[in-house]
Structure formats: C-alpha cells, structure tokens
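Chemist: Dropping in final-v2.cif, with mmCIF, C-alpha atoms and all ligand atoms.
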data_input
loop_
_atom_site.label_atom_id
_atom_site.label_comp_id
_atom_site.auth_asym_id
_atom_site.auth_seq_id
_atom_site.Cartn_x
_atom_site.Cartn_y
_atom_site.Cartn_z
CA MET A 1 25.35 40.92 17.36
CA ALA A 2 22.25 42.90 18.02
CA GLN A 3 20.03 39.99 18.99
CA ASN A 4 21.28 38.50 22.18
CA LYS A 5 18.28 36.39 23.15
CA ILE A 6 17.91 32.93 21.75
CA ASP A 7 14.71 32.39 19.87
CA THR A 8 14.68 28.67 19.76
CA GLU A 9 16.37 25.56 20.95
CA LEU A 10 15.02 23.74 17.87
CA TYR A 11 13.25 20.42 18.19
CA LEU A 12 14.17 17.62 20.54
CA TRP A 13 14.91 14.20 19.01
CA GLU A 14 15.53 10.88 20.69
CA VAL A 15 18.47 8.85 19.41
CA PHE A 16 18.55 5.07 19.08
CA VAL A 17 21.73 3.28 18.16
CA GLN A 18 22.44 -0.17 16.81
CA ASP A 19 26.00 -1.06 17.71
CA LYS A 20 26.18 -4.24 15.63
CA PHE A 21 24.17 -5.30 12.61
CA GLY A 22 21.46 -7.70 13.66
CA GLU A 23 21.29 -6.36 17.22
CA PRO A 24 18.33 -4.42 18.61
CA PHE A 25 18.40 -0.63 18.74
CA THR A 26 19.07 0.96 22.11
CA HIS A 27 18.06 4.41 23.25
CA CYS A 28 21.16 6.43 24.00
CA GLY A 29 20.08 10.03 24.51
CA SER A 30 18.71 13.02 22.67
CA VAL A 31 19.78 15.92 20.46
CA HIS A 32 18.37 19.27 19.43
CA ALA A 33 18.02 19.83 15.69
CA SER A 34 15.87 21.71 13.24
CA ASP A 35 15.19 18.79 10.92
CA SER A 36 15.80 15.10 10.51
CA GLU A 37 19.01 15.51 8.53
CA MET A 38 20.58 17.75 11.15
CA ALA A 39 19.32 15.44 13.88
CA LEU A 40 21.08 12.48 12.28
CA GLN A 41 24.30 14.42 11.90
CA ASN A 42 24.17 15.69 15.48
CA ALA A 43 23.40 12.20 16.73
CA ARG A 44 26.42 10.86 14.87
CA ASP A 45 28.68 13.60 16.28
CA ALA A 46 27.36 13.23 19.81
CA TYR A 47 26.90 9.49 20.15
CA SER A 48 29.25 7.84 17.69
CA ARG A 49 32.59 9.60 17.73
CA ARG A 50 34.31 6.23 18.19
CA ASN A 51 32.32 4.00 15.87
CA GLU A 52 29.77 3.11 18.53
CA ALA A 53 26.99 2.94 15.96
CA LYS A 54 26.36 0.88 12.87
CA THR A 55 22.93 2.40 12.34
CA ILE A 56 21.20 5.35 13.97
CA TRP A 57 17.47 5.98 14.31
CA ILE A 58 16.13 9.33 15.35
CA VAL A 59 12.57 10.19 16.23
CA LYS A 60 11.03 13.45 17.35
CA SER A 61 10.57 13.25 21.11
CA SER A 62 7.06 14.63 20.83
CA GLU A 63 6.08 11.70 18.60
CA ILE A 64 6.92 9.10 21.21
CA ILE A 65 3.97 7.55 22.98
CA SER A 66 4.81 5.87 26.23
CA THR A 67 3.13 4.22 29.17
CA THR A 68 3.52 6.04 32.47
CA PRO A 69 4.72 4.56 35.74
CA SER A 70 1.21 4.93 37.15
CA ASP A 71 0.03 2.62 34.38
CA GLU A 72 2.36 0.03 35.75
CA GLY A 73 -0.27 -1.84 37.72
CA PRO A 74 -3.48 -1.85 35.69
CA PHE A 75 -1.92 -1.56 32.24
CA PHE A 76 0.32 -4.58 32.52
CA GLU A 77 -2.04 -6.42 34.81
CA PRO A 78 -3.62 -8.67 32.11
CA SER A 79 -0.43 -10.70 31.86
CA ASN A 80 -0.10 -11.21 35.61
CA ASP A 81 -2.60 -14.03 35.90
CA LYS A 82 -1.54 -15.94 32.81
CA ILE A 83 1.13 -18.14 34.22
CA TYR A 84 0.17 -20.73 31.60
CA ARG A 85 2.19 -18.64 29.15
CA HIS A 86 5.35 -19.93 30.78
CA PRO A 87 6.79 -23.38 30.18
CA GLN A 88 7.20 -23.97 33.93
CA PHE A 89 3.40 -24.15 34.17
CA TYR A 90 3.35 -27.56 32.56
CA THR A 91 4.15 -30.88 34.16
CA ILE A 92 5.90 -33.42 32.07
CA PRO A 93 6.07 -37.09 33.06
CA LYS A 94 9.29 -37.60 34.96
CA SER A 95 10.49 -40.46 32.81
CA VAL A 96 10.27 -38.27 29.72
CA LYS A 97 11.56 -35.09 31.36
CA ASP A 98 14.90 -36.51 32.39
CA LYS A 99 15.63 -38.17 29.08
CA LEU A 100 13.88 -36.17 26.44
CA PHE A 101 13.60 -32.61 27.77
CA MET B 102 -0.73 13.71 51.70
CA ILE B 103 -0.94 10.04 52.60
CA ASN B 104 -0.40 9.29 48.96
CA GLU B 105 2.73 11.43 48.98
CA GLU B 106 4.14 9.57 51.96
CA LEU B 107 3.46 6.27 50.29
CA GLU B 108 5.19 7.40 47.11
CA LEU B 109 8.18 8.60 49.11
CA GLN B 110 8.40 5.23 50.81
CA LYS B 111 8.31 3.43 47.48
CA PHE B 112 10.90 5.81 46.08
CA GLU B 113 13.29 5.32 48.98
CA GLN B 114 12.78 1.57 48.87
CA LYS B 115 13.74 1.52 45.20
CA ILE B 116 16.93 3.43 45.94
CA ALA B 117 17.73 1.14 48.85
CA ASN B 118 17.33 -1.83 46.50
CA GLY B 119 19.84 -0.28 44.12
CA GLU B 120 17.22 0.30 41.41
CA LYS B 121 17.46 3.36 39.18
CA ILE B 122 14.95 6.20 39.25
CA GLU B 123 13.73 6.99 35.73
CA PRO B 124 12.39 10.30 34.36
CA LYS B 125 8.70 9.54 34.64
CA ASP B 126 8.91 7.93 38.10
CA TRP B 127 7.57 9.80 41.08
CA MET B 128 10.35 11.65 42.90
CA PRO B 129 10.52 14.20 45.71
CA GLU B 130 10.76 17.80 44.48
CA LYS B 131 13.99 18.19 46.41
CA TYR B 132 15.59 15.25 44.61
CA ARG B 133 14.57 16.72 41.26
CA LYS B 134 15.90 20.16 42.17
CA GLN B 135 19.20 18.90 43.53
CA LEU B 136 19.74 16.78 40.46
CA ILE B 137 18.97 19.58 38.03
CA ARG B 138 21.37 21.87 39.86
CA MET B 139 24.10 19.27 39.96
CA ILE B 140 23.73 17.99 36.40
CA ALA B 141 23.49 21.49 34.96
CA GLN B 142 26.54 22.63 36.89
CA HIS B 143 28.34 19.60 35.54
CA ALA B 144 27.19 20.37 31.97
CA HIS B 145 28.33 23.99 32.31
CA SER B 146 31.73 22.77 33.50
CA GLU B 147 32.13 20.68 30.36
CA ILE B 148 31.50 23.55 27.97
CA VAL B 149 33.38 26.18 29.97
CA GLY B 150 36.21 23.67 30.30
CA MET B 151 36.56 23.72 26.51
CA LEU B 152 37.87 27.29 26.69
CA PRO B 153 41.21 27.03 28.51
CA GLU B 154 42.20 24.10 26.30
CA GLY B 155 40.73 25.48 23.10
CA ASN B 156 43.07 28.38 23.75
CA TRP B 157 46.02 26.14 22.78
CA ILE B 158 44.66 24.36 19.70
CA THR B 159 46.28 26.76 17.25
CA ARG B 160 49.57 26.65 19.15
CA ALA B 161 49.92 22.90 19.73
CA PRO B 162 53.55 21.96 19.05
CA SER B 163 52.84 19.25 16.46
CA LEU B 164 50.08 18.06 14.17
CA ARG B 165 49.61 14.98 16.33
CA ARG B 166 49.12 17.04 19.48
CA LYS B 167 46.78 19.36 17.63
CA MET B 168 44.57 16.49 16.44
CA VAL B 169 44.50 15.03 19.91
CA LEU B 170 43.60 18.32 21.54
CA LEU B 171 40.87 19.00 18.98
CA ALA B 172 39.36 15.57 19.61
CA LYS B 173 39.50 16.07 23.36
CA VAL B 174 37.88 19.49 23.27
CA GLN B 175 35.20 18.12 20.95
CA ASP B 176 34.54 15.33 23.45
CA GLU B 177 34.01 17.91 26.18
CA GLY B 178 31.37 19.59 24.04
CA GLY B 179 29.73 16.18 23.67
CA HIS B 180 29.82 15.68 27.43
CA GLY B 181 28.03 18.97 27.86
CA LEU B 182 25.37 17.78 25.45
CA TYR B 183 24.78 14.43 27.18
CA LEU B 184 24.46 16.21 30.48
CA TYR B 185 22.09 18.93 29.29
CA SER B 186 19.94 16.10 27.87
CA ALA B 187 20.00 14.36 31.23
CA ALA B 188 18.87 17.58 32.92
CA GLU B 189 16.08 17.93 30.36
CA THR B 190 14.67 14.54 31.36
CA LEU B 191 13.92 16.18 34.73
CA GLY B 192 11.84 18.87 33.09
CA ALA B 193 14.52 21.55 32.88
CA ASP B 194 14.88 23.57 29.71
CA ARG B 195 18.35 23.74 28.18
CA LYS B 196 17.80 27.35 27.18
CA ASP B 197 17.06 28.34 30.79
CA LEU B 198 20.08 26.48 32.09
CA ILE B 199 22.41 28.15 29.62
CA GLU B 200 20.91 31.50 30.43
CA ALA B 201 21.54 30.85 34.12
CA LEU B 202 25.17 30.10 33.30
CA LEU B 203 25.55 33.26 31.24
CA ASN B 204 23.99 35.56 33.81
CA GLY B 205 25.98 34.07 36.67
CA LYS B 206 23.06 32.44 38.48
CA MET B 207 24.59 28.99 38.06
CA LYS B 208 28.16 27.93 38.61
CA TYR B 209 30.65 25.72 36.82
CA SER B 210 33.75 23.98 38.13
CA ASN B 211 36.00 26.56 39.66
CA ILE B 212 39.12 25.01 38.16
CA PHE B 213 38.34 26.65 34.82
CA ASN B 214 38.75 30.10 36.31
CA TYR B 215 42.51 29.68 36.02
CA PRO B 216 44.53 30.45 32.88
CA THR B 217 46.52 28.01 30.75
CA LEU B 218 49.82 29.85 30.68
CA SER B 219 52.08 27.36 28.91
CA TRP B 220 51.78 24.29 26.70
CA ALA B 221 52.60 22.14 29.72
CA ASP B 222 49.32 23.27 31.28
CA ILE B 223 47.48 21.32 28.61
CA GLY B 224 49.20 18.11 29.61
CA ILE B 225 48.69 18.82 33.30
CA ILE B 226 44.98 19.50 32.77
CA GLY B 227 44.47 16.20 30.97
CA TRP B 228 46.37 14.29 33.61
CA LEU B 229 45.12 16.04 36.76
CA VAL B 230 41.84 17.78 35.97
CA ASP B 231 40.44 14.98 33.83
CA GLY B 232 41.97 12.48 36.24
CA ALA B 233 40.09 14.09 39.13
CA ALA B 234 36.94 14.20 37.02
CA ILE B 235 37.24 10.45 36.39
CA VAL B 236 37.40 9.70 40.12
CA ASN B 237 34.28 11.79 40.69
CA GLN B 238 32.42 10.52 37.64
CA THR B 239 33.13 6.86 38.35
CA MET B 240 31.20 7.39 41.55
CA LEU B 241 28.41 9.28 39.76
CA ALA B 242 28.06 6.43 37.25
CA LYS B 243 26.56 4.49 40.16
CA CYS B 244 24.14 7.23 41.22
CA SER B 245 20.43 6.58 41.62
CA TYR B 246 19.15 8.63 38.69
CA GLY B 247 19.16 6.52 35.50
CA PRO B 248 19.86 9.13 32.81
CA TYR B 249 22.65 10.77 34.84
CA SER B 250 24.23 7.43 35.61
CA ARG B 251 24.13 6.34 31.96
CA ALA B 252 25.61 9.64 30.78
CA MET B 253 28.43 9.15 33.28
CA ILE B 254 29.24 5.66 32.04
CA ARG B 255 29.58 6.99 28.51
CA ILE B 256 31.65 9.95 29.67
CA CYS B 257 34.02 7.86 31.80
CA LYS B 258 35.00 5.79 28.77
CA GLU B 259 36.00 8.94 26.92
CA GLU B 260 37.75 10.51 29.89
CA ASN B 261 40.29 7.73 29.96
CA PHE B 262 41.62 8.95 26.64
CA HIS B 263 41.76 12.49 28.04
CA LYS B 264 43.79 11.45 31.02
CA ARG B 265 46.22 9.30 29.06
CA GLN B 266 46.96 11.87 26.42
CA GLY B 267 47.60 14.36 29.23
CA TYR B 268 49.95 12.06 31.09
CA GLU B 269 51.79 11.18 27.88
CA ASN B 270 52.23 14.87 27.14
CA VAL B 271 53.49 15.54 30.68
CA SER B 272 55.87 12.61 30.69
CA VAL B 273 57.42 13.64 27.37
CA LEU B 274 58.10 17.11 28.76
CA ALA B 275 59.36 15.66 32.06
CA GLN B 276 61.94 13.66 30.11
CA GLY B 277 62.85 16.58 27.87
CA ASN B 278 65.50 19.29 28.22
CA ALA B 279 65.96 21.45 31.31
CA LYS B 280 63.61 24.12 30.04
CA GLN B 281 60.84 21.64 29.30
CA LYS B 282 61.28 20.01 32.69
CA GLN B 283 61.02 23.34 34.38
CA MET B 284 57.94 24.26 32.35
CA VAL B 285 56.07 21.11 33.32
CA GLN B 286 57.06 21.33 36.99
CA ASP B 287 55.87 24.93 37.04
CA ALA B 288 52.55 23.86 35.55
CA LEU B 289 52.18 21.12 38.17
CA ASN B 290 52.95 23.65 40.91
CA ARG B 291 50.18 25.93 39.70
CA TRP B 292 47.53 23.22 39.16
CA TRP B 293 48.11 20.76 42.01
CA TRP B 294 46.20 22.49 44.80
CA GLN B 295 43.50 23.78 42.47
CA THR B 296 42.85 20.21 41.35
CA LEU B 297 42.56 18.96 44.93
CA MET B 298 39.95 21.64 45.54
CA MET B 299 37.83 20.31 42.68
CA PHE B 300 36.49 17.74 45.15
CA GLY B 301 34.93 20.50 47.23
CA PRO B 302 35.26 21.47 50.89
CA HIS B 303 36.19 19.02 53.64
CA ASP B 304 33.35 16.74 54.73
CA GLU B 305 32.67 18.62 57.95
CA ASN B 306 32.03 21.79 55.92
CA SER B 307 30.11 20.24 53.07
CA THR B 308 26.49 21.05 53.79
CA ASN B 309 25.21 19.40 50.63
CA THR B 310 26.79 16.01 51.05
CA VAL B 311 24.39 14.52 53.60
CA ASP B 312 21.37 15.39 51.49
CA LEU B 313 22.97 14.14 48.30
CA MET B 314 24.04 10.87 49.84
CA ARG B 315 20.66 10.15 51.39
CA TRP B 316 19.15 9.55 47.96
CA LYS B 317 22.36 8.23 46.42
CA ILE B 318 22.93 11.16 44.13
CA LYS B 319 26.42 10.95 45.59
CA LEU B 320 27.79 7.75 47.07
CA GLU B 321 31.01 8.98 48.61
CA THR B 322 32.18 12.05 50.47
CA ASN B 323 34.47 14.76 49.11
CA ASP B 324 37.38 13.77 51.31
CA SER B 325 37.22 10.10 50.42
CA LEU B 326 37.19 10.88 46.68
CA ARG B 327 40.02 13.37 47.11
CA GLN B 328 42.09 10.79 48.98
CA ARG B 329 41.59 8.23 46.23
CA PHE B 330 42.77 10.74 43.65
CA ILE B 331 45.82 11.67 45.70
CA ASN B 332 46.82 8.03 46.20
CA LEU B 333 46.49 7.37 42.48
CA THR B 334 48.31 10.46 41.31
CA ILE B 335 51.36 10.81 43.52
CA PRO B 336 53.08 7.62 42.31
CA GLN B 337 52.36 8.74 38.74
CA ALA B 338 54.13 12.03 39.44
CA TYR B 339 57.14 10.35 41.04
CA ALA B 340 57.41 7.85 38.20
CA ILE B 341 58.33 10.66 35.80
CA GLY B 342 60.46 12.64 38.21
CA LEU B 343 58.04 15.40 39.15
CA THR B 344 57.83 16.96 42.61
CA ILE B 345 54.51 17.51 44.39
CA PRO B 346 54.44 21.10 45.69
CA ASP B 347 53.62 20.14 49.27
CA ASN B 348 56.28 20.17 52.02
CA ASP B 349 54.02 18.32 54.46
CA LEU B 350 53.30 15.43 52.14
CA LYS B 351 54.00 12.05 53.71
CA TYR B 352 53.02 8.44 53.26
CA ASN B 353 51.20 6.74 56.11
CA GLU B 354 52.24 3.09 56.11
CA LYS B 355 49.39 2.11 58.39
CA THR B 356 46.50 3.58 56.39
CA GLN B 357 48.40 3.33 53.09
CA ASN B 358 47.34 6.88 52.37
CA TRP B 359 49.35 9.82 51.21
CA GLU B 360 48.71 12.60 53.72
CA ILE B 361 48.78 16.12 52.36
CA GLY B 362 49.29 19.53 53.93
CA LYS B 363 46.58 22.08 54.55
CA ILE B 364 44.39 23.09 51.62
CA ASN B 365 43.83 26.83 51.36
CA PHE B 366 40.08 26.89 50.89
CA ASP B 367 39.92 30.67 51.31
CA GLU B 368 41.28 30.92 47.83
CA LEU B 369 38.60 28.56 46.51
CA TYR B 370 35.80 30.68 47.98
CA ASN B 371 37.39 33.86 46.78
CA VAL B 372 37.57 32.56 43.21
CA ILE B 373 34.11 31.00 43.28
CA ASN B 374 32.78 34.38 44.31
CA GLY B 375 34.05 35.86 41.09
CA ASN B 376 37.54 37.04 41.92
CA GLY B 377 39.61 34.48 40.03
CA PRO B 378 41.93 35.41 37.18
CA CYS B 379 39.55 34.21 34.45
CA ASN B 380 35.97 34.32 35.78
CA ARG B 381 35.00 37.25 33.63
CA ILE B 382 36.68 36.18 30.45
CA ARG B 383 35.18 32.68 30.56
CA ILE B 384 31.62 33.97 30.75
CA ALA B 385 32.34 36.66 28.18
CA GLU B 386 33.62 34.03 25.75
CA ARG B 387 30.60 31.78 26.30
CA LYS B 388 28.28 34.72 25.73
CA LYS B 389 30.09 35.65 22.57
CA SER B 390 29.86 32.18 21.08
CA TYR B 391 26.22 31.90 22.10
CA GLU B 392 25.34 35.19 20.47
CA GLU B 393 27.38 34.57 17.38
CA GLY B 394 25.63 31.24 16.91
CA ASN B 395 22.21 32.84 17.04
CA TRP B 396 21.85 33.39 13.30
CA VAL B 397 22.67 29.73 12.70
CA ARG B 398 19.85 28.63 14.98
CA ILE B 399 17.43 31.02 13.34
CA ALA B 400 18.45 29.86 9.86
CA ALA B 401 18.08 26.22 10.88
CA GLU B 402 14.66 26.89 12.33
CA ASN B 403 13.48 28.66 9.19
CA TYR B 404 14.85 25.95 6.97
CA ALA B 405 12.97 23.37 9.00
CA LEU B 406 9.71 25.31 8.67
CA LYS B 407 10.17 25.45 4.91
CA ASN B 408 10.83 21.73 4.68
CA LYS B 409 8.16 20.32 6.91
CA ASN B 410 8.32 17.02 5.04
CA ASN B 411 11.65 16.25 6.61
CA TYR B 412 9.80 14.96 9.63
CA GLY B 413 8.56 12.06 7.55
CA THR B 414 5.21 11.62 5.88
CA LYS B 415 2.28 10.07 7.64
FE FE A 501 34.42 15.84 30.14
FE FE A 502 37.65 15.29 29.79
#
Translate the structure of the given file into structure tokens.
Ligand SMILES: [Fe+2]
Ligand SMILES: [Fe+2]

Modeler:
Amino acid sequence: MAQNKIDTELYLWEVFVQDKFGEPFTHCGSVHASDSEMALQNARDAYSRRNEAKTIWIVKSSEIISTTPSDEGPFFEPSNDKIYRHPQFYTIPKSVKDKLF
Amino acid sequence: MINEELELQKFEQKIANGEKIEPKDWMPEKYRKQLIRMIAQHAHSEIVGMLPEGNWITRAPSLRRKMVLLAKVQDEGGHGLYLYSAAETLGADRKDLIEALLNGKMKYSNIFNYPTLSWADIGIIGWLVDGAAIVNQTMLAKCSYGPYSRAMIRICKEENFHKRQGYENVSVLAQGNAKQKQMVQDALNRWWWQTLMMFGPHDENSTNTVDLMRWKIKLETNDSLRQRFINLTIPQAYAIGLTIPDNDLKYNEKTQNWEIGKINFDELYNVINGNGPCNRIRIAERKKSYEEGNWVRIAAENYALKNKNNYGTK
C-alpha cells in the first residue's frame, strides 16, 4: 500500500456493561470506533466474548463530564457537615430501640 | 515545589494504604512514564504474540482445535486492546505507541521472536508461555494503578482457558504414538528455557525492579515469580511423562523448591537486540497488517463524517 501512515485512530468511546438485568452499569474500558454502531460492535467483541454483558452502553469519551481529584475537597464539602442525613445522628429512647428498632 | 512534595507524600501514602491510583490523580512523572512503557510493552506482546499462533490456525489438526486456537488468538487481540486503553488513560496515544512498536523503539516479549515449528509448539505455548504470563499477571492484578490492575483481572480470567487448552493439547500428544511423543518433547526442549527467561534477568541484574516495586507497579521480583512458575510446572510435566531439559534440575526438600541449572541470559540479550530467528518477520507482519488496514480506517472515518447523527441527537 502506498499510504503507510495512519490518518486516524477514530473516536474514543467509553464502554459500560450491565452484567445482569436490573443491576447497575459498570464502566469496563474503552474502544476506538468511527461511529456508535461500530463502537457497540467493538465493545461487544472486546468486553463480552463470554456473555459478560446483558446490555452495553457506549458514550463518546469527549462527552463525559467529570469532577477532578482537586475538586475532591471543596466540591464534595457541602455534605461533610450534614451528619443529620445519617440515621445514626438520631437518638431513640432505649426502651423503644431495643424492642421496636 | 512544596506543593509537589506534599502531593508526592499523599501519593505514596495512598499506595502504602493499598489504595489504587486513578487516571486523574496526581502522580510523579516517573511513575507515569514507567507505567506507559510497561503497559505498552505488554500490549505489544499481546498483538505480536498472535502471530506465531495465528501461523497454525489453517493447519490445526481438527475442527475443534481450530476453533479453540481461533478463540485464543482473538482473546490475545482483545488483551492488546484492554492494555492500549489502559495506557491511554495515562495520556499516551495508541497511534504513537503502535508506531514505536513498528519502528523498533519499543519492545515486546522476547519469547515471540522464536518460531512455531510444529503443531506441538502450539500446545507448549498455551501451557508454558500463557502459564508464565498468568503467574506474572496475577501479580500485576494487584498493582497500584487502577486501570492496569483491572485490565489484568479481566485478562487473567481468560488466560486460564489458554493454559488449559495448551496443557490438554500437550497431554494428548504425550499419550500418543512414538512420533507424537517425540514431537511434543522436542517442542518442550525448545521452549523451556525461553519461557523461564520471560521473567527477566536475575534480581541482582534487574535495574528496573527496585523502582517498579517502590510504587507497587510490581509486587514481586523476577526470581520469585520464576520460582513459582517452575514449582507449578514441573509436576505438570512429570504427570504426563515429559522430561525437563535440564540435567541440573533437583528438588530441594528443605525449601520445597525445584532448583534449576544455569540460565543462558546471553542468548536473551542477543535476541532482544534483534538477532533472534523471527525478530524481523514479526515486525514486518505487524507493519503489513497495519498498512493493509489503513483503507478500512479511512473508510470508517469518512462514513462517520457522513453520518454525524450517529452520535445521537441533542
Ligand atoms: Fe494474553
Ligand atoms: Fe493468552
């Protein structure tokens, strides 16, 4: 072949797999593909050669919006001081707790 | 600078706690570089490793063996893909990595620079080469970098099939007629020492190990992994009547280790430096398939441009 340089690696897609119906989807890796159909097929061939998936989601990697580790502190901070969101925050009369809770 | 030191402290603390490092976490440049080199080299090994076995697909002795070999070689392609993806999470570009393989700037496992001369070699590769890979990869599944570790867990599951089909193949030949027995023993004789060298030089000569272990990219030394493989494999060989080609081999009751003779590492370095029987042909074949696939990639790209809607409407 005359052209020996690769022009493109196509787009990068992230693959999410549901291994049982009713279960949440888990990220399992990525594939390169030119469109969504090819991405689904590649994801099936790469990540479900032994029936590991019941359903596959793919999403273009560039479309994913994520927090960054440096956000860790300030971004998630608002929930730090709200211990009243946890059941342990509340005191229940002992007589009730032992019998009814 | 102070910030950098603080980050390094946090990073090392995480590793000490057994937590995984994830792609967007801060990491020392050296950690990133070592990982990219190691993961890419591993990925290259998977796709170059497809060649010596692919060589026998059309000549497999039965339909069953052919299906099995096809599935195994396809798995290896998949392993390459998982690993290139893991390298990409560190900011590497797959295209650059493959280019580095094709122009000789990056290496792949030296074992694939040897030819598969007979059908028995296919069984021996599954049993020994994949068996050695499992020992190494089981360790890597516990490494500190999340994406690499997760890829390894997935790969290890599949490797067990590779090893078993290899051992089955070998044991059938070992119980066959005189010619088959001789063929499989000959294959073992040619692959035994090469497989032991897959674990790399002895610890005292392995300059990389200390660095790699510091940040838990590796958790065990070459010699300890090699010993585990030897202890696992020798009883498997004896169980089917094969002889290990090592006159110095003996069992040490005290340590419960099989002790082997001297490994000829000069050969390893000679082959790594390009003088093995198949170095040239392996790279030539990879180049050929890469170039011949070019029109497919271009067509796929153009098709995608024409069908922009395939990305989903907003
Ligand atoms: Fe593999
Ligand atoms: Fe394998």

Chemist: Would you kindly return, as a list in words, each protein, DNA or RNA residue with an atom no farther than 10 Å from any atom of segment 276-283 of chain B, considering all atoms listed in the file and excluding same-chain residues fewer than 4 positions away?

Modeler: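 The residues that qualify are Trp220, Ala221, Val271, Ser272, Asp287, Ala288, Leu289, Ile341, Gly342 and Leu343 of chain B.
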
Chemist: Identify which of the residues B:Ala187, B:Leu109, B:Met139, B:Ile256 lies closest to ligand FE 501 (chain A), counting only C-alpha atoms and all ligand atoms when measuring atom-to-atom distances.

Modeler: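 Smallest separation from ligand FE 501 (chain A) among the options: B:Ile256.
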
Chemist: Neighbours of ligand FE 501 (chain A) within 12 Å, counting only C-alpha atoms and all ligand atoms, as a ChimeraX atom specification?

Modeler: /B:143-151,154,172-184,210,226-227,230-235,237-238,252-264

Chemist: Pick out the chain B residues within 6 Å of chain A. Count all atoms listed in the file. Give them as a ChimeraX atom specification.

Modeler: /B:126,179,392,401-402,405,411

Chemist: Quote the spacing between atom CA of Phe330 of chain B and atom CA of Leu229 of chain B in Å to one decimal place.

Modeler: 9.0 Å

Chemist: May I have the residues within 10 Å of segment 362-369 of chain B as a count of residues only, using only C-alpha atoms and disregarding those fewer than 6 positions away in the same chain?

Modeler: 18

Chemist: Hey, what's within 9 Å of Lys20 of chain A if we count all atoms listed in the file and toss same-chain stuff fewer than 6 positions away? As a count of residues only, please?

Modeler: 4

Chemist: As an MDAnalysis selection string, please: the residues near segment 158-161 of chain B (cut-off 10 Å, all atoms listed in the file, same-chain neighbours under 3 positions excluded).

Modeler: chainID B and resid 153:155 164:171 174 220 223

Chemist: Determine, counting all atoms listed in the file, which protein, DNA and RNA residues have an atom within 12 Å of an atom of Gln114 of chain B; residues of the same chain fewer than 6 positions away are not included. Present the result as a PDB file with C-alpha atoms, keeping the file's coordinate frame.

Modeler:
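Listed below is the output, selection-v7.pdb:
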ATOM      1  CA  LEU B 107       3.460   6.270  50.290  1.00  0.00           C
ATOM      2  CA  GLU B 108       5.190   7.400  47.110  1.00  0.00           C
ATOM      3  CA  GLU B 120      17.220   0.300  41.410  1.00  0.00           C
ATOM      4  CA  LYS B 121      17.460   3.360  39.180  1.00  0.00           C
ATOM      5  CA  ILE B 122      14.950   6.200  39.250  1.00  0.00           C
ATOM      6  CA  MET B 128      10.350  11.650  42.900  1.00  0.00           C
ATOM      7  CA  SER B 245      20.430   6.580  41.620  1.00  0.00           C
ATOM      8  CA  ARG B 315      20.660  10.150  51.390  1.00  0.00           C
ATOM      9  CA  TRP B 316      19.150   9.550  47.960  1.00  0.00           C
ATOM     10  CA  LYS B 317      22.360   8.230  46.420  1.00  0.00           C
TER      11      LYS B 317
END

Chemist: What does the structure give for the distance between atom CA of Glu123 of chain B and atom CA of Leu241 of chain B, in Å to one decimal?

Modeler: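 Distance reported for this atom pair: 15.4 Å.
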
Chemist: So how far away is atom CA of Val17 of chain A from atom CA of Met240 of chain B, in Å?

Modeler: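 Pair atom CA of Met240 of chain B / atom CA of Val17 of chain A returns 25.6 Å.
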
Chemist: My list of candidates is B:Asn306, B:Gln142, B:Gln328, B:Thr296. Which is closest to Gly205 of chain B when distances are computed with all atoms listed in the file?

Modeler: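 Smallest separation from Gly205 of chain B among the options: B:Gln142.
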
Chemist: Using all atoms listed in the file for the distances, tell me which of B:Asn290, B:Thr239, B:Asn204, B:Ser186 is nearest to Thr344 of chain B.

Modeler: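 Smallest distance to Thr344 of chain B is found for B:Asn290.
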
Chemist: Hey, which of B:Asn403, B:Gln337, B:Gly119, B:Phe300 ends up closest to Thr322 of chain B? Count only C-alpha atoms.

Modeler: B:Phe300

Chemist: Specify the axis-aligned box that encloses all atoms of segment 363-378 of chain B listed in the file after padding of 4 Å on each side, stating its centre and edge lengths in Å to one decimal as AutoDock Vina command-line options.

Modeler:
--center_x 39.7 --center_y 29.6 --center_z 45.9 --size_x 21.8 --size_y 23.0 --size_z 25.4

Chemist: Would you mind telling me which residue in B:Lys388, B:Arg383, B:Arg398, B:Arg265 lies nearest to ligand FE 502 (chain A) when using all atoms listed in the file?

Modeler: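 That would be B:Arg265, the residue with the smallest distance to ligand FE 502 (chain A).
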
Chemist: For ligand FE 502 (chain A), which of B:Leu313, B:Ala193, B:Val236, B:Leu136 is the closest residue, counting only C-alpha atoms and all ligand atoms?

Modeler: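 When distances to ligand FE 502 (chain A) are compared using only C-alpha atoms and all ligand atoms, the smallest one comes from B:Val236.
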